[in-house]
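A.B. asks: What follows is a single structure, and I will ask about it in a moment.
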Amino acid sequence: PISLEAGDVDQIIRAQRAALVPFILIAIATMLASSLLLNRLVARPVLRLAHAADRVRLAGERQISLPDVARRDDELGDLARALEDMTHALYERMDATERFAADVAHEIRNPLTSIRSAVETLDLVTDPAIRQRLLGIVKNDAGRLDRLVTDISNASRIDSELSREPSRRFDLERLLSEVTHLYEAQVKPGPGPAGVHVRFIPPASLEPAMVMGQDSPLGQVVRNLIDNARSFSPEGGEVRVSLMRGKGRVQAIVEDDGPGIPPENLETVFERFYTSRPKGQAFGGNSGLGLSIARQIAVAHSGELRAENRTGPDGAIIGARFILDLPEA
């Protein structure tokens with residue numbers, strides 16, 4: 001009887017094992033199907049993204065283009081779209097750098113050509129008055145070259161400086177007040193007539209105007225705007241700096257009493273090396289990079305910088321207004 005019972009146990013175990021076989025086969029089939037699906041839906045698209053990135057890096061393709069992957073509404077679709085946007089932004093930056101280098105070469109070539117012409121003419125001229133005039137041309141162009149090199153260096157460092165320093169919350173009203181006070185304390189700060197007064201008009205609200213960013217670059221924006229306003233202001237004129245808030249935005253406004261801006265140049269003034277000199281100002285006194293640098297910093301702070309004309313009751317232009325618009329922190 002004992003051996004009979006043992007045999008029954010063995011039979012039961014074999015039956016149970018046989019009953020487990022279908023479940024094992026189903027598990028294996030499920031694993032194989034999962035592996036195939038993972039390979040098709042995940043591994044292959046990731047490998048294609050890697051090959052596309054290699055083509056951009058090695059073959060110089062300008063875009064990672066995998067539309068079927070980018071259309072997916074999952075993490076891989078997000079990754080494909082992010083890589084496409086990153087590649088597009090990279091080549092936009094490279095194109096901008098190339099254009100900047102071409103503009104720099106063109107701007108530097110002009111004073112160099114003038115200096116070379118004046119120096120070559122000096123050997124042929126014996127009249128002291130003419131020689132003195134030629135030496136003055138060389139001196140002015142050398143100063144223009146120095147300003148160009150300084151402003152070009154500042155413009156080329158903006159991106160690296162903005163990415164290196166962390167952003168923080170600070171009071172824009174306090175920054176405007178401090179920058180304006182520096183102009184009031186100096187006899188003749190920046191370009192323009194010495195009699196131009198710079199005044200800060202505090203807002204009616206006592207609440208701080210907090211923005212997120214870096215106060216040093218934004219202070220440079222305000223200085224560039226004030227210098228530009230002073231250069232176009234008449235003798236004894238006034239540059240007014242004010243602050244406005246509303247709808248989650250903070251606006252720093254710089255106004256002058258100058259001739260204003262031709263309507264067709266309201267955007268052109270922000271282009272690199274664009275200069276429109278006030279009447280009577282010496283040629284080469286401005287590099288044409290101040291407003292371009294200011295807009296570049298504003299955009300890097302998720303803001304914008306725009307220009308408009310101030311008009312009187314009769315519609316006549318009575319000055320220019322620059323508006324730095326930033327999101328409120």
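Residue numbering restarts at 1 for every chain of the structure tokens, chains are lettered A, B, ... in their displayed order, and ligands are numbered from 1 as they appear.
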Excluding Gly219 (chain A) and any residue of its chain fewer than 5 positions from it, enumerate the residues within 10 Å of it, using only C-alpha atoms, and give them as a PyMOL selection string.
C.D. replies: chain A and resi 172+175-176+178-179+214+224-225+294
A.B. asks: What is the CA of Gly246 (chain A)-CA of Asp325 (chain A) distance in Å, reported with one decimal?
C.D. replies: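 The value is 10.6 Å.
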A.B. asks: Excluding region 290-293 of chain A and its own-chain neighbours fewer than 5 positions away, which residues fall within 6 Å of it when counting only C-alpha atoms? Please give them as a tab-separated table (two decimals) with C-alpha atoms, in the first residue's frame.
C.D. replies:
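That gives us around.tsv:
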chain	number	residue	atom	x	y	z
A	224	ASN	CA	23.08	100.99	-24.24
A	270	PHE	CA	18.53	96.53	-34.21
A	271	GLU	CA	20.59	95.05	-37.03
A	272	ARG	CA	24.32	94.60	-36.52
A.B. asks: Just list as a ChimeraX atom specification whatever in region 202-262 of chain A DSSP marks as strand (DSSP E).
C.D. replies: /A:210-213,238-246,249-255
A.B. asks: For the atom pair CA of Pro234 (chain A) and CA of Gly195 (chain A), what is the interatomic distance in Å to one decimal place?
C.D. replies: 8.4 Å
A.B. asks: Pick out the residues sitting within 12 Å of region 53-57 of chain A, and hand them over as a list of chain:residue names; count only C-alpha atoms, and ignore anything fewer than 5 positions along from it in its own chain.
C.D. replies: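 After dropping sequence-adjacent residues, the list is A:Val46, A:Leu47, A:Arg48, A:Arg62, A:Gln63, A:Ile64, A:Ser65, A:Leu66, A:Ala80, A:Leu83, A:Glu84, A:Met86, A:Thr87, A:His88, A:Leu90, A:Tyr91.
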A.B. asks: Write out as number ranges by chain the set of residues from region 71-310 of chain A that DSSP, computed on the backbone, places in alpha helix (DSSP H).
C.D. replies: A: 75-122, 128-164, 172-185, 215-232, 290-300
A.B. asks: Can you work out the spacing between CA of Leu41 (chain A) and CA of Ile28 (chain A) in Å, to one decimal?
C.D. replies: 19.6 Å
